[in-house]
Each structure stands twice: as C-alpha cells, then as structure tokens.
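Here's data_32.txt, which has compact mmCIF, C-alpha atoms and all ligand atoms:
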```txt
# COMPACT_ATOMS: atom_id res chain seq x y z
CA MET A 931 0.00 0.00 0.00
CA ASP A 932 1.20 3.50 -0.84
CA PHE A 933 1.26 6.09 1.90
CA PRO A 934 1.29 9.83 1.15
CA ASP A 935 4.13 12.10 2.31
CA VAL A 936 1.97 13.87 4.89
CA VAL A 937 4.66 16.31 6.02
CA MET A 938 5.19 17.69 2.50
CA LEU A 939 1.44 17.76 1.84
CA SER A 940 0.91 19.76 5.04
CA ILE A 941 3.31 22.57 4.17
CA PRO A 942 0.60 24.77 2.55
CA LEU A 943 -1.51 24.32 5.70
CA PHE A 944 1.50 25.22 7.89
CA ILE A 945 1.97 28.44 5.91
CA VAL A 946 -1.71 29.42 6.12
CA LEU A 947 -1.81 28.84 9.90
CA LEU A 948 1.50 30.66 10.38
CA VAL A 949 0.26 33.75 8.53
CA ALA A 950 -3.02 33.57 10.44
CA GLU A 951 -1.19 33.43 13.79
CA ILE A 952 1.06 36.39 12.88
CA LEU A 953 -1.99 38.48 11.94
CA TRP A 954 -4.00 37.29 14.95
CA ILE A 955 -1.23 38.32 17.37
CA ARG A 956 -0.89 41.67 15.57
CA ILE A 957 -4.63 42.39 15.75
CA LYS A 958 -5.30 41.08 19.26
CA GLY A 959 -2.02 42.27 20.75
CA ARG A 960 -1.63 39.01 22.70
CA GLY A 961 -1.15 35.27 22.23
CA GLY A 962 2.60 35.24 21.68
CA ALA A 963 5.22 37.15 19.75
CA TYR A 964 7.11 36.86 16.49
CA GLU A 965 10.56 38.37 15.98
CA THR A 966 11.84 38.94 12.45
CA ARG A 967 15.25 37.27 12.55
CA ASP A 968 14.07 34.55 14.91
CA THR A 969 11.31 33.66 12.44
CA ALA A 970 13.75 33.69 9.52
CA THR A 971 16.05 31.30 11.40
CA SER A 972 13.17 28.96 12.26
CA LEU A 973 12.00 28.83 8.64
CA LEU A 974 15.53 28.21 7.37
CA MET A 975 15.97 25.43 9.92
CA GLY A 976 12.76 23.89 8.61
CA LEU A 977 13.98 24.17 5.03
CA GLY A 978 17.33 22.63 5.98
CA ASN A 979 15.49 19.77 7.69
CA VAL A 980 13.65 18.98 4.45
CA VAL A 981 16.89 19.19 2.44
CA ALA A 982 18.67 16.92 4.95
CA GLY A 983 15.75 14.49 4.68
CA VAL A 984 16.11 14.34 0.89
CA ALA A 985 19.90 14.01 1.10
CA LEU A 986 20.15 11.53 4.01
CA GLY A 987 16.72 9.91 4.11
CA PHE A 988 18.06 6.91 2.24
CA VAL A 989 20.10 5.89 5.30
CA ALA A 990 17.09 5.29 7.55
CA TYR A 991 14.96 4.01 4.67
CA GLY A 992 17.66 1.56 3.58
CA PHE A 993 17.98 0.36 7.16
CA PHE A 994 14.20 -0.13 7.46
CA THR A 995 13.83 -2.05 4.20
CA TRP A 996 16.77 -4.25 5.21
CA LEU A 997 15.09 -4.95 8.57
CA TRP A 998 11.80 -5.70 6.81
CA GLY A 999 13.47 -8.78 5.34
CA PHE A 1000 13.68 -10.20 8.89
CA ARG A 1001 10.08 -9.44 9.95
CA LEU A 1002 8.22 -11.85 12.19
CA PHE A 1003 4.80 -11.10 10.66
CA ASP A 1004 3.34 -9.05 7.88
CA LEU A 1005 0.49 -7.25 9.58
CA GLY A 1006 -0.86 -5.79 6.35
CA SER A 1007 -2.28 -2.28 6.26
CA SER A 1008 -5.81 -2.35 7.61
CA VAL A 1009 -7.06 0.74 9.42
CA LEU A 1010 -6.75 -1.05 12.74
CA VAL A 1011 -3.12 -1.95 12.08
CA ILE A 1012 -2.32 1.63 11.03
CA ALA A 1013 -3.98 2.93 14.22
CA LEU A 1014 -2.02 0.46 16.37
CA CYS A 1015 1.16 1.39 14.55
CA PHE A 1016 0.42 5.08 15.23
CA VAL A 1017 0.02 4.54 18.97
CA LEU A 1018 3.10 2.33 19.28
CA ASP A 1019 5.12 4.75 17.16
CA ASP A 1020 4.05 7.57 19.48
CA LEU A 1021 5.52 5.56 22.35
CA ARG A 1022 8.67 5.22 20.24
CA TYR A 1023 8.62 9.00 19.76
CA TYR A 1024 8.38 9.55 23.51
CA TRP A 1025 11.57 7.57 24.11
CA VAL A 1026 13.50 9.06 21.21
CA HIS A 1027 12.56 12.49 22.52
CA ARG A 1028 13.47 11.59 26.08
CA LEU A 1029 16.86 10.31 24.94
CA GLY A 1030 17.11 13.51 22.91
CA HIS A 1031 17.19 15.43 26.19
CA ARG A 1032 19.12 12.97 28.34
CA VAL A 1033 21.94 11.83 26.05
CA ARG A 1034 24.19 14.56 24.76
CA TRP A 1035 24.86 12.75 21.47
CA VAL A 1036 21.15 12.96 20.66
CA TRP A 1037 20.71 16.39 22.27
CA ALA A 1038 23.35 17.73 19.84
CA SER A 1039 20.73 17.23 17.14
CA HIS A 1040 17.58 18.07 19.10
CA VAL A 1041 18.90 21.20 20.84
CA ASN A 1042 18.14 23.40 17.86
CA HIS A 1043 14.40 22.77 18.22
CA HIS A 1044 14.72 24.45 21.63
CA SER A 1045 17.04 27.25 20.54
CA SER A 1046 14.38 29.91 20.00
CA GLN A 1047 13.41 32.23 22.85
CA HIS A 1048 10.00 32.49 21.20
CA TYR A 1049 7.15 30.03 21.13
CA ASN A 1050 4.96 30.25 18.07
CA LEU A 1051 4.06 28.17 15.03
CA SER A 1052 7.39 29.02 13.37
CA THR A 1053 9.16 27.35 16.32
CA ALA A 1054 7.53 24.08 15.24
CA LEU A 1055 9.43 24.30 11.96
CA ARG A 1056 12.77 24.82 13.73
CA GLN A 1057 13.84 21.22 13.17
CA THR A 1058 17.16 19.44 13.23
CA TRP A 1059 19.41 18.89 10.21
CA THR A 1060 21.41 16.12 11.83
CA ALA A 1061 18.86 13.56 13.05
CA THR A 1062 20.42 10.81 10.92
CA PHE A 1063 23.68 11.06 12.89
CA THR A 1064 21.95 10.36 16.19
CA LEU A 1065 21.16 6.81 14.92
CA MET A 1066 17.81 7.03 16.73
CA MET A 1067 16.20 5.19 13.81
CA VAL A 1068 17.12 2.01 15.67
CA LEU A 1069 14.20 2.66 18.01
CA ARG A 1070 11.88 2.02 15.09
CA ALA A 1071 13.39 -1.42 14.51
CA PRO A 1072 10.99 -3.30 16.83
CA LEU A 1073 7.95 -2.00 14.93
CA ILE A 1074 9.34 -3.08 11.57
CA LEU A 1075 10.61 -6.42 12.83
CA PHE A 1076 7.20 -7.09 14.32
CA GLY A 1077 5.52 -6.57 10.97
CA PHE A 1078 4.56 -2.92 10.46
CA SER A 1079 5.85 -2.02 7.01
CA PRO A 1080 8.58 0.66 6.69
CA GLU A 1081 6.22 2.81 4.60
CA MET A 1082 3.57 2.65 7.33
CA VAL A 1083 6.07 3.41 10.09
CA LEU A 1084 7.33 6.45 8.19
CA PHE A 1085 3.74 7.52 7.46
CA VAL A 1086 2.57 7.44 11.09
CA GLY A 1087 5.79 9.20 12.11
CA GLY A 1088 4.91 11.93 9.61
CA VAL A 1089 1.38 12.24 10.99
CA ASN A 1090 2.90 12.52 14.48
CA LEU A 1091 5.14 15.38 13.33
CA VAL A 1092 2.26 17.16 11.58
CA TYR A 1093 0.14 16.87 14.76
CA GLN A 1094 2.88 18.60 16.74
CA PHE A 1095 2.78 21.68 14.52
CA TRP A 1096 -0.34 23.27 15.97
CA ILE A 1097 0.68 22.83 19.62
CA HIS A 1098 3.53 25.35 19.18
CA THR A 1099 1.36 28.32 20.03
CA GLU A 1100 0.53 30.70 22.85
CA ALA A 1101 -2.67 31.72 21.09
CA ILE A 1102 -4.50 28.73 22.62
CA ASP A 1103 -4.62 28.68 26.41
CA LYS A 1104 -6.18 25.35 27.41
CA MET A 1105 -8.12 22.76 25.45
CA PRO A 1106 -11.17 20.99 26.98
CA ARG A 1107 -10.31 19.02 30.11
CA TRP A 1108 -10.70 15.54 28.61
CA PHE A 1109 -8.44 16.58 25.72
CA GLU A 1110 -5.73 17.95 28.04
CA MET A 1111 -5.84 14.66 29.95
CA VAL A 1112 -5.09 12.42 26.99
CA MET A 1113 -3.51 14.51 24.26
CA ASN A 1114 -0.40 16.64 23.96
CA THR A 1115 -1.58 20.25 23.83
CA PRO A 1116 -0.15 23.77 23.48
CA SER A 1117 -0.16 24.06 27.28
CA HIS A 1118 1.76 20.79 27.85
CA HIS A 1119 4.28 21.49 25.11
CA ARG A 1120 4.89 25.09 26.24
CA VAL A 1121 6.18 23.55 29.46
CA HIS A 1122 8.50 21.33 27.42
CA HIS A 1123 10.03 24.43 25.80
CA GLY A 1124 10.55 26.23 29.12
CA ARG A 1125 14.04 26.88 30.53
CA ASP A 1126 12.62 27.36 34.04
CA PRO A 1127 14.32 24.75 36.25
CA LYS A 1128 11.09 22.92 37.13
CA TYR A 1129 10.12 22.67 33.46
CA LEU A 1130 13.45 21.23 32.23
CA ASP A 1131 13.22 17.70 30.78
CA THR A 1132 9.46 17.28 31.10
CA ASN A 1133 6.52 16.57 28.76
CA TYR A 1134 8.32 14.61 26.05
CA ALA A 1135 5.08 13.49 24.43
CA GLY A 1136 4.42 13.63 20.72
CA VAL A 1137 0.69 13.09 20.39
CA PHE A 1138 -0.49 11.38 23.59
CA ILE A 1139 0.50 13.02 26.90
CA ILE A 1140 -0.30 9.73 28.67
CA TRP A 1141 3.30 8.51 28.18
CA ASP A 1142 4.62 11.33 30.37
CA LYS A 1143 2.03 10.53 33.03
CA LEU A 1144 2.92 6.85 32.80
CA PHE A 1145 6.70 7.34 32.98
CA GLY A 1146 6.69 10.18 35.51
CA THR A 1147 7.86 13.08 33.35
CA PHE A 1148 4.60 15.05 33.24
CA VAL A 1149 4.53 18.59 34.64
CA PRO A 1150 1.43 20.79 34.22
CA GLU A 1151 1.74 24.40 33.10
CA GLN A 1152 1.64 26.86 35.96
CA GLU A 1153 3.39 30.17 35.29
CA THR A 1154 4.15 31.06 31.68
CA PRO A 1155 7.42 29.39 30.72
CA ASP A 1156 10.58 31.34 29.89
CA TYR A 1157 11.30 29.82 26.48
CA GLY A 1158 14.70 28.79 25.18
CA LEU A 1159 17.88 27.12 26.37
CA VAL A 1160 19.55 27.19 29.78
CA GLN A 1161 22.19 29.22 27.98
CA ASN A 1162 20.50 31.05 25.12
CA LEU A 1163 22.20 31.44 21.77
CA GLY A 1164 23.79 34.76 20.83
CA THR A 1165 23.39 34.20 17.10
CA PHE A 1166 20.63 33.78 14.52
CA ASN A 1167 22.95 32.10 12.01
CA PRO A 1168 21.27 28.81 10.99
CA LEU A 1169 24.62 27.06 10.46
CA ARG A 1170 25.67 27.89 14.01
CA VAL A 1171 22.23 26.89 15.32
CA ALA A 1172 22.42 23.55 13.50
CA PHE A 1173 25.93 22.49 14.45
CA HIS A 1174 26.96 24.26 17.66
CA GLU A 1175 26.30 21.42 20.07
CA TRP A 1176 27.99 18.82 17.86
CA LEU A 1177 31.06 21.05 17.79
CA SER A 1178 31.13 21.71 21.50
CA MET A 1179 30.57 18.00 22.23
CA LEU A 1180 33.38 16.94 19.89
CA ARG A 1181 35.65 19.54 21.49
CA ASP A 1182 34.89 17.97 24.89
CA ILE A 1183 35.32 14.40 23.65
CA PHE A 1184 38.73 15.15 22.14
CA ALA A 1185 39.97 17.48 24.87
CA PRO A 1186 43.50 16.60 26.02
CA GLY A 1187 44.12 14.66 29.21
CA LEU A 1188 40.85 12.76 29.58
CA THR A 1189 40.37 9.06 30.21
CA LEU A 1190 38.54 6.99 27.60
CA ARG A 1191 35.67 6.64 30.03
CA GLN A 1192 35.36 10.41 30.37
CA ARG A 1193 35.39 10.84 26.59
CA PHE A 1194 32.48 8.42 26.22
CA ALA A 1195 30.70 10.14 29.09
CA TYR A 1196 30.84 13.45 27.20
CA ALA A 1197 28.87 11.79 24.40
CA LEU A 1198 26.50 9.63 26.42
CA LYS A 1199 25.82 11.46 29.70
CA PRO A 1200 23.15 14.18 29.90
CA PRO A 1201 23.89 17.65 28.53
CA GLY A 1202 25.71 19.75 31.10
CA TRP A 1203 27.73 16.82 32.47
CA SER A 1204 31.44 17.56 32.81
CA HIS A 1205 34.36 15.49 34.06
CA ASP A 1206 35.37 18.18 36.57
CA GLY A 1207 31.89 19.23 37.66
CA SER A 1208 32.36 22.71 36.21
CA ARG A 1209 28.97 22.69 34.48
CA LYS A 1210 25.44 21.79 35.52
CA THR A 1211 23.06 19.15 34.25
CA SER A 1212 19.31 19.75 34.36
CA ASP A 1213 19.11 17.50 37.44
CA GLN A 1214 21.62 19.71 39.24
CA ILE A 1215 19.80 22.87 38.15
CA LYS A 1216 16.53 21.40 39.42
CA ALA A 1217 18.08 20.33 42.73
CA ARG A 1218 19.50 23.79 43.33
CA ASN A 1219 16.16 25.44 42.61
CA ALA A 1220 14.00 22.96 44.47
CA PRO A 1221 11.69 24.73 46.93
CA MET B 1121 8.21 20.95 -11.35
CA PRO B 1122 11.74 22.10 -12.29
CA LEU B 1123 14.09 22.58 -9.34
CA TRP B 1124 14.62 26.28 -9.96
CA ILE B 1125 10.88 26.99 -9.76
CA THR B 1126 10.67 25.04 -6.49
CA LEU B 1127 13.60 27.03 -5.10
CA LEU B 1128 12.01 30.29 -6.24
CA ILE B 1129 8.71 29.45 -4.51
CA VAL B 1130 10.50 28.43 -1.31
CA ALA B 1131 12.63 31.60 -1.28
CA ALA B 1132 9.60 33.80 -1.98
CA GLY B 1133 7.58 32.02 0.71
CA ILE B 1134 10.24 32.47 3.38
CA ALA B 1135 10.92 36.08 2.38
CA GLY B 1136 7.19 36.80 2.36
CA ILE B 1137 6.59 35.46 5.87
CA VAL B 1138 9.67 37.23 7.25
CA ALA B 1139 8.52 40.49 5.62
CA LEU B 1140 5.06 40.02 7.13
CA VAL B 1141 6.59 39.59 10.59
CA HIS B 1142 8.70 42.72 10.04
CA PHE B 1143 5.71 44.84 8.99
CA ALA B 1144 3.66 43.41 11.87
CA GLY B 1145 6.22 45.01 14.22
CA GLY B 1146 8.54 42.01 14.66
CA SER B 1147 11.77 43.97 14.28
CA LYS B 1148 11.29 45.95 17.48
CA ARG B 1149 14.33 45.58 19.68
CA VAL B 1150 14.41 45.27 23.45
CA ARG B 1151 15.93 48.33 25.15
CA LEU B 1152 18.42 47.79 27.93
CA ASP B 1153 17.80 51.24 29.34
CA SER B 1154 17.29 50.80 33.04
CA ARG B 1155 19.82 49.37 35.46
CA LYS B 1156 17.15 47.51 37.39
CA ARG B 1157 15.76 45.91 34.24
CA VAL B 1158 19.22 44.98 32.98
CA LEU B 1159 20.14 43.33 36.28
CA ASP B 1160 16.86 41.41 36.33
CA MET B 1161 17.44 40.22 32.77
CA TRP B 1162 21.00 39.19 33.59
CA GLN B 1163 19.79 37.27 36.62
CA ALA B 1164 17.28 35.43 34.41
CA GLU B 1165 19.83 34.68 31.70
CA CYS B 1166 22.87 33.83 33.82
CA PRO B 1167 21.66 32.89 37.31
CA ASP B 1168 25.02 31.24 38.10
CA HIS B 1169 26.84 34.57 37.89
CA PRO B 1170 25.34 37.04 40.39
CA ALA B 1171 25.73 40.67 39.37
CA THR B 1172 26.56 43.72 41.47
CA GLY B 1173 26.27 46.49 38.88
CA ALA B 1174 25.70 47.41 35.26
CA LEU B 1175 27.16 49.91 32.81
CA LEU B 1176 24.62 50.95 30.21
CA GLU B 1177 24.93 52.80 26.92
CA PRO B 1178 22.35 55.21 25.46
CA SER B 1179 21.17 53.09 22.51
CA GLY B 1180 20.09 50.38 24.96
CA PHE B 1181 21.58 47.61 22.84
CA ALA B 1182 24.08 46.23 25.33
CA ALA B 1183 25.26 46.52 28.92
CA LEU B 1184 28.41 45.53 30.75
CA ILE B 1185 27.67 43.62 33.92
CA GLU B 1186 29.88 43.73 37.01
CA LEU B 1187 29.89 40.32 38.63
CA GLU B 1188 30.30 39.36 42.25
CA ASP B 1189 33.45 37.36 41.53
CA GLY B 1190 35.14 40.39 39.95
CA SER B 1191 34.68 39.32 36.36
CA THR B 1192 32.60 41.10 33.74
CA GLY B 1193 29.60 39.99 31.73
CA LEU B 1194 27.95 41.32 28.60
CA LEU B 1195 24.20 41.40 28.10
CA TRP B 1196 22.94 42.35 24.67
CA ALA B 1197 19.77 42.43 22.62
CA MET B 1198 18.85 39.48 20.44
CA GLY B 1199 15.90 41.12 18.78
CA ASP B 1200 13.17 41.48 21.41
CA ARG B 1201 15.02 39.08 23.76
CA VAL B 1202 18.53 39.11 25.24
CA ALA B 1203 21.60 36.91 25.48
CA GLY B 1204 24.32 37.10 28.10
CA ARG B 1205 27.88 35.84 28.42
CA VAL B 1206 30.67 36.17 30.93
CA LEU B 1207 33.55 37.77 29.01
CA LYS B 1208 36.41 35.32 29.14
CA ASP B 1209 39.27 35.37 26.67
CA ALA B 1210 37.39 37.97 24.64
CA VAL B 1211 39.03 40.24 22.11
CA MET B 1212 38.01 43.85 21.53
CA GLN B 1213 38.54 46.10 18.56
CA GLU B 1214 37.67 49.79 18.33
CA ASP B 1215 36.38 50.90 14.97
CA GLY B 1216 35.28 54.53 15.10
CA THR B 1217 32.20 54.59 17.33
CA LEU B 1218 31.86 50.79 17.17
CA LEU B 1219 33.28 48.40 19.73
CA HIS B 1220 33.65 44.92 18.31
CA ILE B 1221 33.68 42.29 21.03
CA ARG B 1222 34.62 38.79 19.95
CA ILE B 1223 34.16 35.87 22.31
CA PRO B 1224 35.61 32.40 21.70
CA ASP B 1225 32.07 31.01 21.78
CA PHE B 1226 30.60 29.41 18.65
CA THR B 1227 27.09 30.41 19.75
CA ALA B 1228 27.94 34.08 20.38
CA PRO B 1229 30.97 34.92 18.28
CA HIS B 1230 30.65 38.66 17.71
CA ILE B 1231 28.83 41.56 19.33
CA ALA B 1232 29.21 45.11 17.98
CA VAL B 1233 28.23 47.93 20.34
CA LYS B 1234 27.87 51.45 18.94
CA ILE B 1235 28.67 54.21 21.41
CA ASN B 1236 28.69 57.72 19.95
CA ASP B 1237 29.72 59.60 23.10
CA PRO B 1238 33.56 59.46 23.21
CA ALA B 1239 33.70 59.84 27.00
CA LEU B 1240 31.32 56.94 27.58
CA ARG B 1241 33.08 54.87 24.94
CA HIS B 1242 36.33 55.47 26.79
CA ILE B 1243 34.75 54.18 30.01
CA TRP B 1244 33.57 51.04 28.19
CA VAL B 1245 37.00 50.49 26.64
CA GLU B 1246 38.78 50.92 29.98
CA ARG B 1247 36.31 48.55 31.65
CA LEU B 1248 36.70 46.00 28.89
CA LYS B 1249 40.51 46.23 28.96
CA THR B 1250 40.54 44.82 32.45
CA VAL B 1251 38.91 41.58 31.31
CA LEU B 1252 40.26 41.07 27.81
CA ASN B 1253 42.76 38.48 26.84
CA GLU B 1254 44.58 40.81 24.51
CA ARG B 1255 43.76 44.04 22.82
CA VAL B 1256 43.93 44.10 19.04
ZN ZN C 1 12.49 18.55 23.18
ZN ZN C 2 8.46 21.67 20.27
```

Any chance you could put this one into structure tokens?
Amino acid sequence: MDFPDVVMLSIPLFIVLLVAEILWIRIKGRGGAYETRDTATSLLMGLGNVVAGVALGFVAYGFFTWLWGFRLFDLGSSVLVIALCFVLDDLRYYWVHRLGHRVRWVWASHVNHHSSQHYNLSTALRQTWTATFTLMMVLRAPLILFGFSPEMVLFVGGVNLVYQFWIHTEAIDKMPRWFEMVMNTPSHHRVHHGRDPKYLDTNYAGVFIIWDKLFGTFVPEQETPDYGLVQNLGTFNPLRVAFHEWLSMLRDIFAPGLTLRQRFAYALKPPGWSHDGSRKTSDQIKARNAP
Amino acid sequence: MPLWITLLIVAAGIAGIVALVHFAGGSKRVRLDSRKRVLDMWQAECPDHPATGALLEPSGFAALIELEDGSTGLLWAMGDRVAGRVLKDAVMQEDGTLLHIRIPDFTAPHIAVKINDPALRHIWVERLKTVLNERV
C-alpha cells in the first residue's frame, strides 16, 4: 500500500496557519510574539530539515527495508493496524525524545528545536538537520521487525510530526479538560520548551500526553514558561544553530588529558555533564532550585 | 516541477513570511535602558553569575555587567530578547564609534556595540581592557 508524504502535503496548511497566527497576534495584541530574525532562522531550519531528509533519508529508509526482510509477521495495512502502529510509534517518539534530552549525542541534534526564545508556530518548523547522525532510527526497529511495514512506520511518524505543529502556540490557552488529559496540547508542550528549572526535561510526548504521566515526566503548566535554552544562543545564524552542540561536544570528547571513560561520558551522559563538575546538568539545576 | 521553480517558490515564501513579521512590528528591539531591568534580565539569563552592577549605553543595545566574583559579563539584545555571556578570553577592537567584542564562543561569536559619546566609549573600553585576553 502507498502512503502519502503527509509532512510535505501539510506545508501549505503550515503556511496558512503561520500567517493567520502572525496576523491574529498583531490584531489582538496578545497570544505570543514573532521576531523577524528569529522567524527567519526557524524557517531556514525547517527548510534545511527537508533538504537533509532528501539528502540523508536513504540511510534510515535503507535500514528499514533491510530490517523488513527479517520481519516476524506481515500485519498488512488495515485501518486497525495503522492505528495500532500510530500509537506504538508515538511511544517510540516519547523515548527518542526523552533520549534527545538525556543523552548529549542525541541532544546535539535536538537542541536546535529548543534554541528559539519564542514560542509560536514558526518554532515548530525549527527542526534538526542532523537527526540521521543520532542513529535514533534504531528505536523504530521493533515496529518493523514485528511486521509494520517501513512505509507505514514512516507515514505514522509523519502524521505525528504534523500533529505537533499546531501545539507550538501561545494563542490557545487550554483545550477541553478531557483533551488535556489524553492529548499533547499547546499548554503541555509550552512547558517542554521552558528553561525554568522545574520545566526542564518534562513533557516529552508527541501526540499522547499519557506517556509522560505513565513514565513520571509530566509537569502541568503553571506560570508562563521562559522559552529557550539554559544558555540562550547569541546568534541567529542557521549554520551555528544547526551544528553548535555537535562542535562543543566533539571539542569535549577530544579534549587533552581525559580518560577513555570520560570521553564516552561526554557523548553519552546528559547535557551539562562535565568530568570536573564545572557545568550543571538539568538534574543539578533542578536540585539547586527545588523549593 | 523544475528545481529552480521550487527554489524560487520556497525563497519567496520564506521572504514573504519574514517580511510580514517585520511589517507586523517584529523587528522591534528590546531596550536595555534601566539598570534595574538589565540586572533582572542578567539574573534570568545567567543565574550562576550574580551581578553587582551594570554599565549601560544610550542606545540600549548592550550593557556591561559587574559580577560578584570580579569578572565582567555582557548582556545584549537578540531582537526582542537578550543573550548574556561572561567575558572570558574575549578580544576587543575599536572601529570609530563601534566596539567589536569577539568571544571564543561558537554560539555568540561577535557583538558590535555602537557608542557615539567618546567619553562613555572610553569608560567602556577601559572597563573591557581589564577583562580582555589581549587588545587588538
Ligand atoms: Zn524537546
Ligand atoms: Zn516543540
């Protein structure tokens, strides 16, 4: 069965909603803020993400089709199977995203999604260029080996990404109670983008917020988050935004005078870990700010 | 669709949205024009480096921050938000009324502060000299 490229098909919708949000904020004078260069950077990061997908997509796709040869079942592509695949893939997304915040090697790619100090629909498009290098496609292996076809797995992953577009907004305060309980919403995801100590490393959900509640990473929105990174960027240059954490990580890994264990730790421990304790991880920042 | 048409549409789309943001008031810059505000912003940006004082400049683009441990920080406008760094191993270059400050930091490589008043510029330069690695 052929699955459409939902992300590409959604781009016109993204643009319409983006323009609508810019105008809505301008007219109402509330519901978020857009900054010119920040928006330009977000859009260019989105463009670069698409280009990187075209250039490097074959790596993950090749891996998935190779795995498909070893599948246990072929579950076909009934609606029920697609729905099951979607839910299981959302669980996969939760863990990839959690690793994206807790392992510096993966954070090096994901950090740029958090690099804006703004939170609006353009922030949703601020996507990584280097996802392939994180090797996180291995977390999709169980789905494919179990019998969900690579095309279906990529399709539901695309739907997941498209869903996450609209939650990058301050224009919506809270959704109905039942919806906030089950689904990822603007309110939940605003918390995820906060640099406030209590908001760090929370609400990793893609579509269903239940994973965070299940695995203990859910934090409800109280005060409006302060968006961005623990140390905010002093540049709008997309190349610097895309590669800065890879560079700083490699510099740490290859710094003189470290043991092999310390070098691996710089790649695999959480962001902010250092061999001499000169920096702070999110856990340390949280501990210091605990009431 | 030929590639060049695709590229043209993408470029026009991005330029169009950015222009819309600009004309909707998105290019307004934050003004670092009160000591209290600057110190609050520094505290929010760099909570690990408590400040004792701030040296402003009239355009409100940047401020030098005196830190408790004797070192100096720089807070500057990133559009309507700010970024802050402790100045370590920085290099400064005077170019007419512009002070170019370069930090060995890939995420904040270059900040240019324009100070028209020569007396105030002199104060900035003297303050910066005390923390710079070398003066070019
Ligand atoms: Zn994240
Ligand atoms: Zn997000």

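At a cut-off of 8 Å from (29.0, 47.5, 21.5), the residue set is B:Phe1181, B:Ala1182, B:Leu1218, B:Leu1219, B:His1220, B:Ile1221, B:Ile1231, B:Ala1232, B:Val1233, B:Lys1234, B:Ile1235 (counting all atoms listed in the file).
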
With a cut-off of 10 Å, could you pull out the residues of chain A touching ligand ZN 2 (chain C) and give me the nearest pair of atoms for each, distance in Å to one decimal, using all atoms listed in the file, ordered by chain and ascending number, as JSON lines?
```
{"residue": "A:His1040", "atom": "CA", "partner": "C:ZN2", "partner_atom": "ZN", "distance": 9.9}
{"residue": "A:His1043", "atom": "CA", "partner": "C:ZN2", "partner_atom": "ZN", "distance": 6.4}
{"residue": "A:His1044", "atom": "CA", "partner": "C:ZN2", "partner_atom": "ZN", "distance": 7.0}
{"residue": "A:Tyr1049", "atom": "CA", "partner": "C:ZN2", "partner_atom": "ZN", "distance": 8.5}
{"residue": "A:Asn1050", "atom": "CA", "partner": "C:ZN2", "partner_atom": "ZN", "distance": 9.5}
{"residue": "A:Leu1051", "atom": "CA", "partner": "C:ZN2", "partner_atom": "ZN", "distance": 9.4}
{"residue": "A:Thr1053", "atom": "CA", "partner": "C:ZN2", "partner_atom": "ZN", "distance": 7.0}
{"residue": "A:Ala1054", "atom": "CA", "partner": "C:ZN2", "partner_atom": "ZN", "distance": 5.7}
{"residue": "A:Leu1055", "atom": "CA", "partner": "C:ZN2", "partner_atom": "ZN", "distance": 8.8}
{"residue": "A:Arg1056", "atom": "CA", "partner": "C:ZN2", "partner_atom": "ZN", "distance": 8.4}
{"residue": "A:Gln1057", "atom": "CA", "partner": "C:ZN2", "partner_atom": "ZN", "distance": 8.9}
{"residue": "A:Leu1091", "atom": "CA", "partner": "C:ZN2", "partner_atom": "ZN", "distance": 9.9}
{"residue": "A:Gln1094", "atom": "CA", "partner": "C:ZN2", "partner_atom": "ZN", "distance": 7.3}
{"residue": "A:Phe1095", "atom": "CA", "partner": "C:ZN2", "partner_atom": "ZN", "distance": 8.1}
{"residue": "A:Trp1096", "atom": "CA", "partner": "C:ZN2", "partner_atom": "ZN", "distance": 9.9}
{"residue": "A:Ile1097", "atom": "CA", "partner": "C:ZN2", "partner_atom": "ZN", "distance": 7.9}
{"residue": "A:His1098", "atom": "CA", "partner": "C:ZN2", "partner_atom": "ZN", "distance": 6.2}
{"residue": "A:Thr1099", "atom": "CA", "partner": "C:ZN2", "partner_atom": "ZN", "distance": 9.7}
{"residue": "A:Pro1116", "atom": "CA", "partner": "C:ZN2", "partner_atom": "ZN", "distance": 9.4}
{"residue": "A:His1119", "atom": "CA", "partner": "C:ZN2", "partner_atom": "ZN", "distance": 6.4}
{"residue": "A:Arg1120", "atom": "CA", "partner": "C:ZN2", "partner_atom": "ZN", "distance": 7.8}
{"residue": "A:Val1121", "atom": "CA", "partner": "C:ZN2", "partner_atom": "ZN", "distance": 9.7}
{"residue": "A:His1122", "atom": "CA", "partner": "C:ZN2", "partner_atom": "ZN", "distance": 7.2}
{"residue": "A:His1123", "atom": "CA", "partner": "C:ZN2", "partner_atom": "ZN", "distance": 6.4}
{"residue": "A:Tyr1134", "atom": "CA", "partner": "C:ZN2", "partner_atom": "ZN", "distance": 9.1}
{"residue": "A:Ala1135", "atom": "CA", "partner": "C:ZN2", "partner_atom": "ZN", "distance": 9.8}
{"residue": "A:Gly1136", "atom": "CA", "partner": "C:ZN2", "partner_atom": "ZN", "distance": 9.0}
```

Using all atoms of stretch 1106-1122 of chain A that appear in the file, construct an axis-aligned enclosing box with 5 Å of padding on every side and provide its centre coordinates and edge lengths in Å, rounded to one decimal, as AutoDock Vina command-line options.
```
--center_x -1.3 --center_y 18.8 --center_z 26.8 --size_x 29.7 --size_y 22.7 --size_z 16.6
```

Give me, as a compact mmCIF listing (two decimals) with C-alpha atoms, keeping the file's coordinate frame, the contact residues of chain A against chain B at a cut-off of 6 Å, counting all atoms listed in the file.
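So result.txt came out as:
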```
# COMPACT_ATOMS: atom_id res chain seq x y z
CA TYR A 964 7.11 36.86 16.49
CA GLU A 965 10.56 38.37 15.98
CA THR A 966 11.84 38.94 12.45
CA ALA A 970 13.75 33.69 9.52
CA ASN A 1162 20.50 31.05 25.12
CA LEU A 1163 22.20 31.44 21.77
CA GLY A 1164 23.79 34.76 20.83
CA THR A 1165 23.39 34.20 17.10
```

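Compared by their closest atoms to B:Asp1237, and using only C-alpha atoms, the residues B:Leu1152, B:Pro1178, B:Pro1224, B:Met1212 rank with B:Pro1178 nearest.
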
Which value, in Å to one decimal, gives the distance between atom CA of B:Arg1155 and atom CA of B:Asp1209? 25.5 Å

Please provide the set of residues having any atom within 9 Å of A:Ala1220, restricted to only C-alpha atoms, with same-chain residues fewer than 2 positions apart removed, written as a ChimeraX atom specification. /A:1127-1128,1215-1218

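Nearest-residue note for ligand ZN 1 (chain C): choosing from A:Ser1178, A:Gln1152, A:Thr1132, A:Thr1189, the minimum distance belongs to A:Thr1132, counting only C-alpha atoms and all ligand atoms.
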
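The space between atom CA of A:Phe1078 and atom CA of A:Leu1010 spans 11.7 Å.
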
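Using all atoms listed in the file, the smallest distance between any of A:Met1179, A:Ile941, A:Leu1029, A:Ile1140 and ligand ZN 1 (chain C) comes from A:Leu1029.
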
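Nearest to ligand ZN 1 (chain C) of all the residues A:Arg967, A:Arg1001, A:His1031, A:Lys1143 is A:His1031, based on only C-alpha atoms and all ligand atoms.
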